[in-house]
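To start, the structure itself, in structure tokens.
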Amino acid sequence: MLFKSPRGTKDILPQESGIWLKVEEKARSVFSLFAYEEIRTPIIEESKLFSRSLGDLTDIVQKQMFLINKETDTFVLRPEATASIVRSYVENTLYNVPAVSKFYYMGPMFRAERPQKGRLRQFHHIGCEAIGSYSPYLDAEAIALASRIISSLGITGHQIIVNTLGCLNDKKSFALNLREKLLPQKKSFCEDCQSRMAKNVFRVLDCKNKQCKDIILAMNLGVSHICQECRKHFDDVRIGLDLFGVSYEVNPLLVRGLDYYTRTVFEITHKDLGSQDALGAGGRYDNLVEELGGPARGAVGFALGVERLLLAGGGAIARDGEGQSPDCYIIPLGDEAFKACLKVLQFLRDSGINTDIDYLEGSLKSKMRRADKSQAGFCLILGDNELAKGTAVLKNMRASTQEEVNLTQLVEKIKVYKPKDGIKSC
Ligand SMILES: [Zn+2]
Ligand SMILES: [Zn+2]
């Protein structure tokens, strides 16, 4: 019987994992630049955590949770990380410091939805949360951070869209207003929207259906539902963005589907991604810490989809990425030579040279073919003749030159060709 990976999941094979490492490394260095520190929370959480924070009526909670029932407890594979991080922040009383806590994370998330291009059941997020301040400039900094991670990967052509949802009161009155305006035309909307009107009316605003979109646009929804304080907050977010040199667009129709968002929301889209066009999204959630049992704390965060980043910038990232090929590939010829080679292998590795050795049977020609395939910078051939002399044949695979070298000079010879950014450039 042949097994396949579960629908909507993907193996990240060695030839791709180099790019993944590159993306993660770049993100880490940008997070450090912005003084964020890594947090790692469990993959499983209590299911109530998400219904409480994302909202009972959201698509994620209603349709997309991977449930694990264990006796009386129900866990889920986390569908996103914000709720987990706030849970951890409260549980570990991290709020007892007079500072903004800045966390970043990366890892798999899970949603049981219909797999399609750019949408998997196990997908990966790189994201962050800054908890402990209501400052609008923190929102601007978070957006600047997301933007910098994206451009550090060589991705161009993305667009940042921002909006404000206002505080809880504003959201409530907007929901009432919106429902009032939509209901008379209910029949003209798609079926999804009709049910959204009852449960999660904001989602009508980001329906992809053309007819729904047109009605919404014609309604010319303003910002009259946003209170003065929230308007001021949003103005300051925009001032911050200008100061950080981030270009963006305001779209009053941008809403995020999760209940916890208040005030600033943003989305980063890319033209190459088709209908699933968001590279990432985020926003402020000023009530969530309290909602999950902590003190009142303002917070803002975002998540970028790694698969989406790769779709949008895979080429650029790959060109920039170093391979994971070894510096040196050892070919032993004969049993005695093999033992000597193991010592050389150990010695080279101790000297910081990434080294592999040929374990397979076969002719010298087939061994050379494997050395070639490994894309090693050097190949070291050692047979009985060389063993007797304490030498080996060192082949520079890039330059196609070879010389007999004394084993004591080996490291020197290889390291000469190993400049700072790896041996592959020689
Ligand atoms: Zn308000
Ligand atoms: Zn619709």
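Letters for chains follow the order of the structure tokens (A, B, ...), residue numbers begin at 1 for each chain, and ligand numbers begin at 1 in the order shown.
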
Inset, instruction - Can you pull out every residue within 12 Å of stretch 88-100 of chain A, counting only C-alpha atoms, but drop anything in the same chain fewer than 2 positions away, and send it as JSON, numbers by chain? - result: {"A": [35, 36, 37, 39, 40, 41, 42, 45, 49, 81, 82, 83, 84, 85, 86, 102, 103, 129, 130, 131, 132, 133, 134, 135, 138, 288, 289, 290, 291, 292, 293, 294, 295, 296, 297, 298, 299, 300]}

Inset, instruction - Would you mind listing the residues within 7 Å of ligand 1, counting only C-alpha atoms and all ligand atoms, as a VMD selection string? - result: chain A and resid 166 to 170 226 to 230

What does the file look like for those residues with N, CA and C atoms, as a compact mmCIF listing (two decimals), in the first residue's frame?
```txt
# COMPACT_ATOMS: atom_id res chain seq x y z
N GLY A 166 -12.49 51.09 14.06
CA GLY A 166 -12.97 51.79 15.24
C GLY A 166 -12.97 50.88 16.46
N CYS A 167 -13.37 51.46 17.58
CA CYS A 167 -13.41 50.70 18.83
C CYS A 167 -14.63 49.78 18.85
N LEU A 168 -14.82 49.04 19.91
CA LEU A 168 -15.94 48.10 20.00
C LEU A 168 -17.29 48.80 19.77
N ASN A 169 -17.42 50.01 20.37
CA ASN A 169 -18.68 50.76 20.19
C ASN A 169 -18.92 51.09 18.73
N ASP A 170 -17.85 51.58 18.08
CA ASP A 170 -17.97 51.94 16.66
C ASP A 170 -18.34 50.71 15.84
N ILE A 226 -17.21 56.01 12.87
CA ILE A 226 -15.96 56.01 13.65
C ILE A 226 -15.94 57.21 14.59
N CYS A 227 -15.74 56.98 15.88
CA CYS A 227 -15.76 58.07 16.86
C CYS A 227 -14.51 58.93 16.70
N GLN A 228 -14.55 60.08 17.33
CA GLN A 228 -13.48 61.05 17.13
C GLN A 228 -12.12 60.51 17.57
N GLU A 229 -12.11 59.85 18.72
CA GLU A 229 -10.84 59.31 19.24
C GLU A 229 -10.23 58.31 18.28
N CYS A 230 -11.09 57.44 17.73
CA CYS A 230 -10.59 56.43 16.80
C CYS A 230 -10.13 57.05 15.50
```

Legend entry - 7 Å shell around ligand 2 using only C-alpha atoms and all ligand atoms, listed as a ChimeraX atom specification: /A:189-193,204,207-209,212

Got a sec to tell me which of stretch 46-294 of chain A DSSP assigns to strand (DSSP E), as a CSV table (one decimal) with N, CA and C atoms, in the first residue's frame?
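As a result, part_5.csv now contains:
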```csv
chain,number,residue,atom,x,y,z
A,46,GLU,N,-6.7,24.5,23.6
A,46,GLU,CA,-8.1,24.2,23.9
A,46,GLU,C,-8.9,24.9,22.8
A,66,PHE,N,-9.5,21.8,13.2
A,66,PHE,CA,-9.2,20.4,13.3
A,66,PHE,C,-9.3,20.0,14.7
A,67,LEU,N,-10.3,19.3,15.0
A,67,LEU,CA,-10.6,18.9,16.4
A,67,LEU,C,-9.9,17.7,16.9
A,68,ILE,N,-9.5,17.6,18.1
A,68,ILE,CA,-8.9,16.4,18.7
A,68,ILE,C,-9.7,16.2,20.0
A,69,ASN,N,-10.5,15.1,20.0
A,69,ASN,CA,-11.2,14.8,21.2
A,69,ASN,C,-10.5,13.8,22.1
A,70,LYS,N,-10.1,14.2,23.3
A,70,LYS,CA,-9.4,13.3,24.2
A,70,LYS,C,-10.3,13.2,25.5
A,73,ASP,N,-11.8,16.4,27.1
A,73,ASP,CA,-11.2,17.7,26.6
A,73,ASP,C,-11.3,17.7,25.1
A,74,THR,N,-11.5,18.9,24.6
A,74,THR,CA,-11.4,19.1,23.1
A,74,THR,C,-10.3,20.1,22.8
A,75,PHE,N,-9.3,19.6,22.0
A,75,PHE,CA,-8.2,20.4,21.6
A,75,PHE,C,-8.4,20.7,20.1
A,76,VAL,N,-7.7,21.7,19.6
A,76,VAL,CA,-7.7,21.9,18.2
A,76,VAL,C,-6.2,22.1,17.8
A,77,LEU,N,-5.9,21.8,16.5
A,77,LEU,CA,-4.7,22.3,15.9
A,77,LEU,C,-4.8,23.7,15.7
A,101,SER,N,5.6,44.2,25.2
A,101,SER,CA,6.2,42.9,24.9
A,101,SER,C,6.1,42.7,23.4
A,102,LYS,N,7.2,42.4,22.8
A,102,LYS,CA,7.2,42.2,21.3
A,102,LYS,C,7.7,40.8,21.0
A,103,PHE,N,6.7,40.0,20.5
A,103,PHE,CA,6.9,38.6,20.2
A,103,PHE,C,6.9,38.3,18.7
A,104,TYR,N,7.7,37.4,18.2
A,104,TYR,CA,7.5,36.9,16.9
A,104,TYR,C,7.5,35.4,16.9
A,105,TYR,N,6.9,34.8,15.9
A,105,TYR,CA,6.8,33.4,15.8
A,105,TYR,C,6.8,32.9,14.4
A,106,MET,N,7.1,31.7,14.2
A,106,MET,CA,6.9,31.1,12.8
A,106,MET,C,6.6,29.6,13.0
A,107,GLY,N,5.7,29.1,12.1
A,107,GLY,CA,5.4,27.7,12.3
A,107,GLY,C,4.1,27.4,11.5
A,108,PRO,N,3.7,26.1,11.6
A,108,PRO,CA,2.5,25.6,10.9
A,108,PRO,C,1.2,26.0,11.6
A,109,MET,N,0.2,26.3,10.8
A,109,MET,CA,-1.2,26.5,11.2
A,109,MET,C,-2.1,25.6,10.5
A,110,PHE,N,-3.3,25.4,11.0
A,110,PHE,CA,-4.1,24.3,10.4
A,110,PHE,C,-5.6,24.8,10.2
A,122,GLN,N,-2.5,22.5,6.0
A,122,GLN,CA,-1.4,22.9,6.9
A,122,GLN,C,-0.6,23.9,6.1
A,123,PHE,N,-0.6,25.2,6.6
A,123,PHE,CA,0.2,26.2,6.0
A,123,PHE,C,1.0,26.9,7.1
A,124,HIS,N,1.9,27.8,6.7
A,124,HIS,CA,2.9,28.3,7.6
A,124,HIS,C,2.8,29.9,7.7
A,125,HIS,N,2.9,30.3,9.0
A,125,HIS,CA,2.8,31.7,9.2
A,125,HIS,C,4.2,32.2,9.8
A,126,ILE,N,4.5,33.4,9.4
A,126,ILE,CA,5.6,34.1,10.1
A,126,ILE,C,4.9,35.4,10.6
A,127,GLY,N,4.9,35.6,11.9
A,127,GLY,CA,4.1,36.8,12.4
A,127,GLY,C,4.6,37.3,13.7
A,128,CYS,N,4.0,38.3,14.2
A,128,CYS,CA,4.4,38.9,15.4
A,128,CYS,C,3.2,39.6,16.2
A,129,GLU,N,3.4,39.8,17.4
A,129,GLU,CA,2.4,40.5,18.3
A,129,GLU,C,3.2,41.5,19.2
A,130,ALA,N,2.7,42.7,19.2
A,130,ALA,CA,3.3,43.7,20.2
A,130,ALA,C,2.2,44.0,21.2
A,131,ILE,N,2.4,43.6,22.4
A,131,ILE,CA,1.3,43.8,23.4
A,131,ILE,C,1.7,44.8,24.5
A,158,HIS,N,4.0,44.5,-4.2
A,158,HIS,CA,3.0,44.2,-3.2
A,158,HIS,C,2.4,45.6,-2.8
A,159,GLN,N,1.2,45.5,-2.2
A,159,GLN,CA,0.4,46.7,-1.9
A,159,GLN,C,-0.1,46.6,-0.5
A,160,ILE,N,0.0,47.7,0.2
A,160,ILE,CA,-0.4,47.7,1.6
A,160,ILE,C,-1.7,48.5,1.7
A,161,ILE,N,-2.8,47.8,2.2
A,161,ILE,CA,-4.1,48.5,2.4
A,161,ILE,C,-4.4,48.6,3.8
A,162,VAL,N,-4.8,49.8,4.3
A,162,VAL,CA,-5.1,50.0,5.7
A,162,VAL,C,-6.5,50.5,5.9
A,163,ASN,N,-7.1,50.3,7.0
A,163,ASN,CA,-8.4,50.9,7.4
A,163,ASN,C,-8.5,50.9,8.9
A,164,THR,N,-9.5,51.6,9.4
A,164,THR,CA,-9.8,51.4,10.8
A,164,THR,C,-11.2,50.9,11.0
A,249,GLU,N,-2.4,52.4,0.9
A,249,GLU,CA,-3.7,52.9,0.4
A,249,GLU,C,-4.7,52.7,1.5
A,250,VAL,N,-5.7,53.6,1.6
A,250,VAL,CA,-6.7,53.5,2.6
A,250,VAL,C,-7.9,52.9,1.8
A,262,THR,N,-9.9,45.5,16.5
A,262,THR,CA,-10.4,46.9,16.7
A,262,THR,C,-9.5,47.9,16.1
A,263,ARG,N,-10.0,49.0,15.7
A,263,ARG,CA,-9.2,50.1,15.1
A,263,ARG,C,-8.4,49.6,13.9
A,264,THR,N,-7.1,49.8,13.9
A,264,THR,CA,-6.4,49.6,12.7
A,264,THR,C,-6.4,48.1,12.2
A,265,VAL,N,-6.7,47.9,10.9
A,265,VAL,CA,-6.6,46.6,10.2
A,265,VAL,C,-5.8,46.9,8.9
A,266,PHE,N,-5.0,45.9,8.5
A,266,PHE,CA,-4.3,46.1,7.3
A,266,PHE,C,-4.1,44.7,6.6
A,267,GLU,N,-3.9,44.9,5.3
A,267,GLU,CA,-3.7,43.7,4.5
A,267,GLU,C,-2.6,44.0,3.4
A,268,ILE,N,-1.8,43.0,3.1
A,268,ILE,CA,-0.8,43.2,2.1
A,268,ILE,C,-1.1,42.2,1.0
A,269,THR,N,-1.3,42.8,-0.2
A,269,THR,CA,-1.7,41.9,-1.3
A,269,THR,C,-0.6,41.9,-2.4
A,270,HIS,N,-0.7,41.0,-3.3
A,270,HIS,CA,0.3,40.9,-4.3
A,270,HIS,C,-0.5,40.5,-5.6
A,278,ALA,N,-3.7,37.7,-0.7
A,278,ALA,CA,-3.1,38.4,0.5
A,278,ALA,C,-1.8,37.7,0.9
A,279,LEU,N,-0.7,38.4,0.9
A,279,LEU,CA,0.6,37.9,1.4
A,279,LEU,C,0.5,37.8,3.0
A,280,GLY,N,-0.3,38.7,3.5
A,280,GLY,CA,-0.5,38.7,5.0
A,280,GLY,C,-1.4,39.7,5.4
A,281,ALA,N,-1.7,39.7,6.7
A,281,ALA,CA,-2.7,40.7,7.2
A,281,ALA,C,-2.5,40.8,8.7
A,282,GLY,N,-3.1,41.9,9.2
A,282,GLY,CA,-3.0,42.0,10.7
A,282,GLY,C,-3.8,43.2,11.2
A,283,GLY,N,-3.6,43.6,12.4
A,283,GLY,CA,-4.3,44.7,12.9
A,283,GLY,C,-4.2,44.8,14.4
A,284,ARG,N,-5.0,45.8,15.0
A,284,ARG,CA,-5.0,46.0,16.4
A,284,ARG,C,-6.1,45.2,17.1
```

Inset, instruction - Skip stretch 18-33 of chain A itself and residues of its chain fewer than 3 positions away, then list as a list in words all residues within 9 Å of it, counting only C-alpha atoms. - result: Ile12, Pro14, Gln15, Tyr36, Glu37, Glu38, Phe103, Tyr104, Met106, Ile126, Cys128, Leu145, Arg148, Ile149, Ile150, Ser152, Leu153, Val306, Leu309, Leu310, Gly314, Ile317, Ala318, Asp320, Gly321, Glu322, Gly323 and Gln324 of chain A

Legend entry - Minimum-distance residue to A:Ala376, chosen among A:Ala337, A:Leu407, A:Ile331, A:Met65 (using only C-alpha atoms):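 Of A:Ala337, A:Leu407, A:Ile331, A:Met65, the one nearest A:Ala376, counting only C-alpha atoms, is A:Ile331.
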
Inset, instruction - Can you work out which one of A:Arg231, A:Gly245, A:Asp139, A:Val411 has the shortest atom-to-atom distance to A:Asp286, counting only C-alpha atoms? - result: A:Asp139

Inset, instruction - Choose the residue, out of A:Pro332, A:Gly274, A:Gly55, A:Pro252, that has the smallest atom-to-atom separation from A:Lys199; count only C-alpha atoms. - result: A:Gly55
